Every structure is written in structure tokens, then in C-alpha cells.
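Asker: File query-v9.tsv below, TSV, C-alpha atoms:
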chain	number	residue	atom	x	y	z
A	1	MET	CA	18.61	-13.25	-52.90
A	2	GLU	CA	19.49	-13.22	-49.22
A	3	PRO	CA	18.89	-9.86	-47.56
A	4	VAL	CA	22.09	-7.82	-47.23
A	5	ILE	CA	22.44	-5.21	-44.53
A	6	ILE	CA	23.35	-1.96	-46.24
A	7	GLY	CA	23.64	0.02	-43.07
A	8	GLN	CA	22.41	0.54	-39.55
A	9	VAL	CA	22.13	3.79	-37.63
A	10	ASP	CA	20.98	4.84	-34.19
A	11	ALA	CA	19.34	8.14	-33.33
A	12	ASN	CA	17.40	9.80	-30.56
A	13	MET	CA	13.84	10.99	-30.86
A	14	THR	CA	13.51	14.76	-30.84
A	15	THR	CA	9.74	14.73	-30.35
A	16	ASP	CA	6.92	12.61	-28.97
A	17	ILE	CA	4.97	10.34	-31.30
A	18	THR	CA	1.87	8.30	-30.53
A	19	THR	CA	0.84	5.04	-32.16
A	20	ASP	CA	-2.01	6.70	-34.05
A	21	GLU	CA	0.36	9.06	-35.84
A	22	GLU	CA	1.83	8.18	-39.20
A	23	LEU	CA	5.55	8.34	-39.84
A	24	ARG	CA	7.23	8.36	-43.22
A	25	VAL	CA	10.60	6.94	-44.23
A	26	LEU	CA	12.74	8.68	-46.81
A	27	LEU	CA	16.26	7.95	-48.06
A	28	ARG	CA	18.16	10.94	-49.37
A	29	VAL	CA	21.62	11.81	-50.67
A	30	VAL	CA	22.22	15.49	-49.96
A	31	TRP	CA	18.87	16.94	-51.10
A	32	THR	CA	17.99	14.23	-53.63
A	33	ALA	CA	15.35	11.71	-52.58
A	34	LYS	CA	16.23	8.13	-53.45
A	35	ASN	CA	12.84	6.58	-52.84
A	36	ASN	CA	9.20	7.46	-52.62
A	37	GLU	CA	8.21	8.11	-49.04
A	38	VAL	CA	6.63	5.10	-47.36
A	39	ALA	CA	4.45	5.46	-44.27
A	40	PHE	CA	3.95	3.31	-41.19
A	41	LYS	CA	2.45	3.65	-37.74
A	42	PRO	CA	4.79	2.84	-34.84
A	43	ALA	CA	3.86	-0.15	-32.69
A	44	GLU	CA	4.64	1.81	-29.51
A	45	ASP	CA	4.45	5.37	-28.33
A	46	LEU	CA	7.73	7.19	-28.64
A	47	SER	CA	9.01	9.91	-26.38
A	48	ARG	CA	11.63	12.56	-26.88
A	49	GLY	CA	15.04	11.07	-26.05
A	50	ASP	CA	14.07	7.50	-26.93
A	51	ARG	CA	16.77	5.65	-28.83
A	52	ILE	CA	15.80	4.49	-32.30
A	53	ARG	CA	17.65	2.03	-34.52
A	54	VAL	CA	17.09	1.97	-38.26
A	55	THR	CA	18.35	-0.95	-40.32
A	56	VAL	CA	18.44	-0.71	-44.11
A	57	GLU	CA	18.63	-3.96	-46.07
A	58	LYS	CA	18.70	-4.76	-49.74
A	59	VAL	CA	16.20	-7.55	-50.26
A	60	SER	CA	16.17	-7.72	-54.04
A	61	GLU	CA	18.16	-6.46	-56.97
A	62	ALA	CA	16.76	-4.58	-59.90
A	63	PRO	CA	16.52	-6.83	-63.00
A	64	ARG	CA	19.43	-6.23	-65.36
A	65	ALA	CA	18.73	-4.68	-68.71
A	66	GLU	CA	19.60	-7.91	-70.58
A	67	GLU	CA	17.28	-10.01	-68.41
A	68	ALA	CA	14.58	-7.41	-68.80
A	69	GLU	CA	14.94	-7.62	-72.57
A	70	LYS	CA	14.73	-11.43	-72.47
A	71	THR	CA	11.59	-11.23	-70.40
A	72	GLU	CA	10.08	-8.89	-72.95
B	1	MET	CA	21.84	-5.26	-22.03
B	2	GLU	CA	19.51	-3.92	-24.70
B	3	SER	CA	15.81	-4.45	-25.11
B	4	ILE	CA	14.79	-4.04	-28.73
B	5	VAL	CA	11.18	-3.54	-29.76
B	6	LYS	CA	10.27	-3.50	-33.40
B	7	LEU	CA	8.27	-0.40	-34.20
B	8	GLY	CA	7.71	-0.92	-37.89
B	9	GLU	CA	9.02	-2.13	-41.20
B	10	VAL	CA	8.63	-0.69	-44.68
B	11	GLN	CA	9.66	-1.93	-48.12
B	12	PHE	CA	10.13	0.06	-51.29
B	13	GLU	CA	12.17	0.25	-54.47
B	14	MET	CA	15.00	2.67	-55.03
B	15	THR	CA	14.22	5.53	-57.39
B	16	GLY	CA	17.87	6.51	-57.78
B	17	ASP	CA	21.39	5.13	-57.58
B	18	VAL	CA	23.60	5.48	-54.52
B	19	LYS	CA	27.35	4.83	-54.47
B	20	THR	CA	29.23	3.51	-51.46
B	21	THR	CA	31.13	6.79	-51.26
B	22	GLU	CA	27.96	8.80	-50.89
B	23	GLU	CA	26.38	9.54	-47.54
B	24	LEU	CA	22.88	8.12	-47.44
B	25	LYS	CA	20.57	9.91	-45.04
B	26	VAL	CA	17.57	8.23	-43.44
B	27	LEU	CA	14.74	10.53	-42.53
B	28	LEU	CA	11.79	9.74	-40.30
B	29	ARG	CA	9.20	12.41	-40.99
B	30	TRP	CA	5.89	13.35	-39.48
B	31	GLY	CA	3.10	15.60	-40.68
B	32	TRP	CA	4.23	18.07	-43.35
B	33	GLY	CA	7.77	16.81	-43.24
B	34	ALA	CA	9.14	17.55	-39.80
B	35	GLU	CA	12.02	15.25	-38.91
B	36	ILE	CA	11.48	13.48	-35.62
B	37	THR	CA	15.03	12.29	-34.93
B	38	ASN	CA	18.49	13.75	-35.00
B	39	LYS	CA	20.67	13.06	-38.03
B	40	MET	CA	20.87	9.47	-39.27
B	41	ALA	CA	23.37	8.92	-42.07
B	42	PHE	CA	25.76	6.21	-43.24
B	43	ASN	CA	27.77	5.10	-46.23
B	44	PRO	CA	26.04	2.09	-47.78
B	45	ALA	CA	27.93	-1.21	-47.68
B	46	GLU	CA	26.91	-1.88	-51.29
B	47	GLU	CA	26.02	0.25	-54.25
B	48	LEU	CA	22.31	0.70	-54.68
B	49	LYS	CA	20.64	0.98	-58.05
B	50	THR	CA	17.26	2.12	-59.24
B	51	GLY	CA	14.77	-0.70	-58.80
B	52	ASP	CA	16.63	-2.42	-55.95
B	53	GLY	CA	14.24	-3.70	-53.29
B	54	ILE	CA	14.95	-2.12	-49.90
B	55	LYS	CA	13.59	-3.01	-46.49
B	56	VAL	CA	13.86	-0.54	-43.65
B	57	THR	CA	13.30	-1.77	-40.09
B	58	ILE	CA	12.70	0.73	-37.30
B	59	GLU	CA	13.30	-0.42	-33.72
B	60	LYS	CA	13.20	1.15	-30.31
B	61	VAL	CA	16.27	0.38	-28.21
B	62	THR	CA	16.01	0.46	-24.42
B	63	ILE	CA	19.12	-0.11	-22.33
B	64	ILE	CA	18.39	-2.33	-19.32
B	65	PRO	CA	21.04	-2.38	-16.58
B	66	ASP	CA	22.44	-5.89	-16.12
B	67	PRO	CA	21.44	-7.17	-12.63
B	68	VAL	CA	24.60	-9.31	-12.39
B	69	GLU	CA	26.82	-6.27	-12.99
B	70	GLU	CA	24.87	-4.31	-10.39
B	71	GLU	CA	25.42	-7.08	-7.84
B	72	VAL	CA	29.13	-7.14	-8.65
B	73	GLU	CA	29.35	-3.39	-8.19
B	74	GLU	CA	27.56	-3.59	-4.84
B	75	THR	CA	29.78	-6.45	-3.71
B	76	GLY	CA	32.82	-4.45	-4.71
B	77	VAL	CA	31.74	-1.53	-2.56
B	78	GLU	CA	31.10	-3.85	0.39
B	79	ALA	CA	34.50	-5.47	-0.06
B	80	GLU	CA	36.19	-2.08	-0.01
B	81	GLN	CA	34.37	-1.17	3.17
B	82	GLY	CA	35.41	-4.46	4.71
B	83	VAL	CA	39.06	-3.80	3.93
B	84	ALA	CA	38.84	-0.41	5.55
B	85	GLY	CA	37.36	-2.02	8.65
B	86	GLU	CA	40.21	-4.51	8.90
B	87	ALA	CA	42.77	-1.76	8.58
B	88	GLY	CA	41.26	-0.05	11.58
B	89	ASN	CA	40.70	-3.29	13.50
B	90	VAL	CA	37.03	-2.41	13.72
B	91	SER	CA	34.36	-4.70	12.41
B	92	GLU	CA	31.14	-3.53	10.81
B	93	THR	CA	29.39	-3.87	14.18
B	94	GLY	CA	31.99	-1.65	15.82
B	95	GLU	CA	33.59	-4.49	17.79
B	96	ALA	CA	37.32	-4.82	18.01
B	97	VAL	CA	38.81	-7.26	15.54
B	98	ALA	CA	41.72	-9.44	16.55
B	99	PRO	CA	44.87	-8.50	14.65
B	100	GLU	CA	45.98	-10.94	12.01
B	101	SER	CA	49.68	-10.28	12.02
B	102	VAL	CA	52.04	-11.54	14.70
B	103	GLU	CA	53.66	-8.13	15.03
B	104	GLU	CA	50.37	-6.48	15.86
B	105	ALA	CA	49.56	-9.18	18.36
B	106	GLY	CA	52.93	-8.68	20.03
B	107	VAL	CA	52.44	-4.96	20.38
B	108	GLU	CA	49.02	-5.45	21.89
B	109	ALA	CA	50.34	-8.04	24.33
B	110	LYS	CA	53.05	-5.60	25.47
B	111	GLN	CA	50.47	-2.91	25.96
B	112	GLY	CA	48.34	-5.26	28.01
B	113	VAL	CA	45.51	-5.30	25.53
B	114	ALA	CA	45.38	-9.07	25.32
B	115	CYS	CA	45.34	-9.43	29.12
B	116	GLU	CA	42.87	-7.25	30.94
B	117	ALA	CA	43.48	-5.25	34.14
B	118	GLY	CA	47.22	-4.96	33.72
B	119	ASN	CA	47.90	-8.68	33.90
B	120	VAL	CA	50.98	-8.32	31.76
B	121	ASN	CA	53.21	-11.32	32.38
B	122	GLU	CA	56.46	-10.22	30.80
B	123	THR	CA	57.99	-9.16	34.13
B	124	GLU	CA	57.52	-10.74	37.52
B	125	GLU	CA	56.39	-7.45	39.13
B	126	ALA	CA	53.50	-7.08	36.78
B	127	VAL	CA	52.09	-10.52	37.36
B	128	VAL	CA	48.96	-10.68	39.45
B	129	PRO	CA	47.97	-13.98	41.08
B	130	ALA	CA	45.65	-16.02	38.92
B	131	ALA	CA	43.05	-16.06	41.66
B	132	GLU	CA	42.50	-12.34	41.09
B	133	CYS	CA	42.70	-12.65	37.33
B	134	GLU	CA	39.25	-12.84	35.77
B	135	CYS	CA	40.38	-12.96	32.22
B	136	SER	CA	41.31	-16.02	30.19
B	137	CYS	CA	44.99	-15.18	29.98
B	138	ILE	CA	46.26	-17.98	32.21
B	139	SER	CA	46.84	-20.44	29.46
B	140	GLU	CA	48.51	-17.78	27.31
B	141	CYS	CA	50.77	-16.77	30.20
B	142	LYS	CA	51.75	-20.37	30.78
B	143	GLU	CA	52.63	-20.76	27.15
B	144	GLU	CA	55.13	-17.93	27.39
B	145	THR	CA	56.77	-18.64	30.80
B	146	GLY	CA	56.05	-22.34	31.14
B	147	LYS	CA	54.44	-21.61	34.54
B	148	THR	CA	51.02	-20.53	35.70
B	149	GLU	CA	50.63	-17.16	37.35
B	150	VAL	CA	50.05	-18.89	40.69
B	151	GLU	CA	53.38	-20.68	40.41
B	152	THR	CA	55.12	-17.47	39.40
B	153	ALA	CA	53.56	-15.56	42.28
B	154	VAL	CA	54.53	-18.22	44.82
B	155	GLU	CA	58.10	-18.10	43.58
B	156	ALA	CA	58.14	-14.32	43.89
B	157	ASP	CA	56.81	-14.43	47.47
B	158	THR	CA	59.39	-17.03	48.44
B	159	LYS	CA	62.16	-14.92	46.93
B	160	ILE	CA	61.02	-11.79	48.80
B	161	SER	CA	60.79	-13.63	52.15
B	162	THR	CA	64.27	-15.12	51.64
B	163	GLU	CA	65.70	-11.68	50.93
B	164	THR	CA	64.01	-10.34	54.08
B	165	VAL	CA	65.59	-13.12	56.14
B	166	ASP	CA	68.98	-12.33	54.60
B	167	ASP	CA	68.56	-8.64	55.45
B	168	THR	CA	67.70	-9.54	59.03
B	169	LYS	CA	70.78	-11.70	59.24
B	170	ALA	CA	72.90	-8.85	57.92
B	171	VAL	CA	71.56	-6.54	60.60
As C-alpha cells, please, write out the structure in this file.

Answerer:
Amino acid sequence: MEPVIIGQVDANMTTDITTDEELRVLLRVVWTAKNNEVAFKPAEDLSRGDRIRVTVEKVSEAPRAEEAEKTE
Amino acid sequence: MESIVKLGEVQFEMTGDVKTTEELKVLLRWGWGAEITNKMAFNPAEELKTGDGIKVTIEKVTIIPDPVEEEVEETGVEAEQGVAGEAGNVSETGEAVAPESVEEAGVEAKQGVACEAGNVNETEEAVVPAAECECSCISECKEETGKTEVETAVEADTKISTETVDDTKAV
């Protein structure tokens, strides 16, 4: 399937981060986590006040139950 | 104008469902779980289900001022200054600027601004012979009276001498 943009948000950094530090991405609804945290190292140093843009896309759909049964 | 630098990209599968009416928060965490940005939340454009593949792209956005806009702003300021200068008849170098309107020109001519050293040519008494006039007002004066200052002066002298003769006769 073609990637679908689910949402895009901008934010400002509240702390400094260097490229050797690991950041983790988490999606949450209220206090419930909706994914397992995934880590990455930023390509550039970040400073407090820097503007960050996060784009969330759906790149694949979960196989339906019927299709899953057929596969089995 | 924005400069966008890609900082990173992660992919994962959803472990829970999210409806479009729910507010989905995105957290960037460091160390034990400290959040490194202010709040990022949105309502998803589509419903998300467990097992959906998700890609999250993180970018750094830098706003670069547009050089064209800057030039326009500077030009605008200069234009405003130029208008002010015209209103005061003073150029940027401080030199007097010739008035554009006819009315202004007329006022200045009456005040003798256009002709230096009091060479106002509206009345005969005020006219000074062209030989003494160092300014370039001769042609302008001729345009108004149809005569040069020399001709006007000669006429005036002749008139005065005639009157003197008449007075003598009367005596």
C-alpha cells in the first residue's frame, strides 16, 4: 500500500541532544502506549529551542483475520 | 523559507488500536524516559489497528529569511525616505529639489527663489539690467514679458527721462 500520512506535528526542543545520544519514539493515547519504543540517534546535534517536525505515516496494514486464516 | 534536515526515521508495528477521535501523543524520550520536546499530539487521519506498520520521520526545521523579501523591505524603507525628502524639497544629499507642481514653482518665482539677487521680473521696478544679472534667468524673464531685461531697462530709462523733461516743461 501507498504510505498514508496519519499526522504531522511540530514541537520545540526543551533540552540539548548530541548525535551520540539515543532517542526513543513512543506513541501514546492518554497513558496507554500504542507501540514498543523504538530508538534512533539523531543525524545532527539538537539545541534547546530547535524546531522539530514529526511525521507519522501508515506504511502497511495489519493482515485481516480472514486472510490470516487463509495463510495458515 | 524552511530548511528541513532529516534527523531520523523509525518503523514499528502498532500494539494497540487508535480511533480518529482519540488524541495520539508522540513522545521523544531520552535516558530513563525524559521527554525532550514540548507536547506533540494530533488526531490521526485514519484509524490505526494493532499490527499496522507505522513509519515515524523526525526532522529539524530551520526558518531561513527569504533574501528577496528582505530586499523588498529595504527598498520599501528607502522609498518612504525618498517620499519624505520630496515633501520637504530636500534630496538625500541635502540639496534643494526643484518643485514638481506649477503652484509651488509660481510661489517660488514670486519670492525670488528662481531668480537670484532679487531679479524678480514681475514689476518694472524690480528688474535689474541683464548685464548685472549673473544668474540664468534671462530666458525665463523673456518668456514671461516677451522682452529681455536689457530691453525692459532701456524702456524704463526712456520713460523716466521723458517724465523729467515733462516736469521741466511744466516748471

Asker: What are the residues of chain A that have an atom within 6 Å of an atom of chain B, counting all atoms listed in the file, as a PyMOL selection string?

Answerer: chain A and resi 6-7+11-15+23-29+34-35+42-43+51-62

Asker: Could you work out how far atom CA of Arg48 of chain A lies from atom CA of Val68 of chain B, giving the answer in Å with one decimal?

Answerer: 29.3 Å

Asker: Between atom CA of Ile64 of chain B and atom CA of Val9 of chain A, what distance in Å does the model show, to one decimal?

Answerer: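 Value for the atom CA of Ile64 of chain B-atom CA of Val9 of chain A distance: 19.7 Å.
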
Asker: Would you compute the distance between atom CA of Arg64 of chain A and atom CA of Met1 of chain A? Give it in Å to one decimal.

Answerer: 14.3 Å

Asker: Using all atoms listed in the file, what residues lie at most 12 Å away from (-1.5, 7.8, -34.3) (file coordinates), given as a VMD selection string?

Answerer: (chain A and resid 16 to 23 39 to 46) or (chain B and resid 30 to 31)

Asker: Emit the selected residues as an mmCIF file, in the coordinates of the input, including C-alpha atoms.

Answerer:
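Contents of part-v8.cif, as written:
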data_model
loop_
_atom_site.group_PDB
_atom_site.id
_atom_site.type_symbol
_atom_site.label_atom_id
_atom_site.label_comp_id
_atom_site.auth_asym_id
_atom_site.auth_seq_id
_atom_site.Cartn_x
_atom_site.Cartn_y
_atom_site.Cartn_z
ATOM 1 C CA ASP A 16 6.920 12.610 -28.970
ATOM 2 C CA ILE A 17 4.970 10.340 -31.300
ATOM 3 C CA THR A 18 1.870 8.300 -30.530
ATOM 4 C CA THR A 19 0.840 5.040 -32.160
ATOM 5 C CA ASP A 20 -2.010 6.700 -34.050
ATOM 6 C CA GLU A 21 0.360 9.060 -35.840
ATOM 7 C CA GLU A 22 1.830 8.180 -39.200
ATOM 8 C CA LEU A 23 5.550 8.340 -39.840
ATOM 9 C CA ALA A 39 4.450 5.460 -44.270
ATOM 10 C CA PHE A 40 3.950 3.310 -41.190
ATOM 11 C CA LYS A 41 2.450 3.650 -37.740
ATOM 12 C CA PRO A 42 4.790 2.840 -34.840
ATOM 13 C CA ALA A 43 3.860 -0.150 -32.690
ATOM 14 C CA GLU A 44 4.640 1.810 -29.510
ATOM 15 C CA ASP A 45 4.450 5.370 -28.330
ATOM 16 C CA LEU A 46 7.730 7.190 -28.640
ATOM 17 C CA TRP B 30 5.890 13.350 -39.480
ATOM 18 C CA GLY B 31 3.100 15.600 -40.680
#
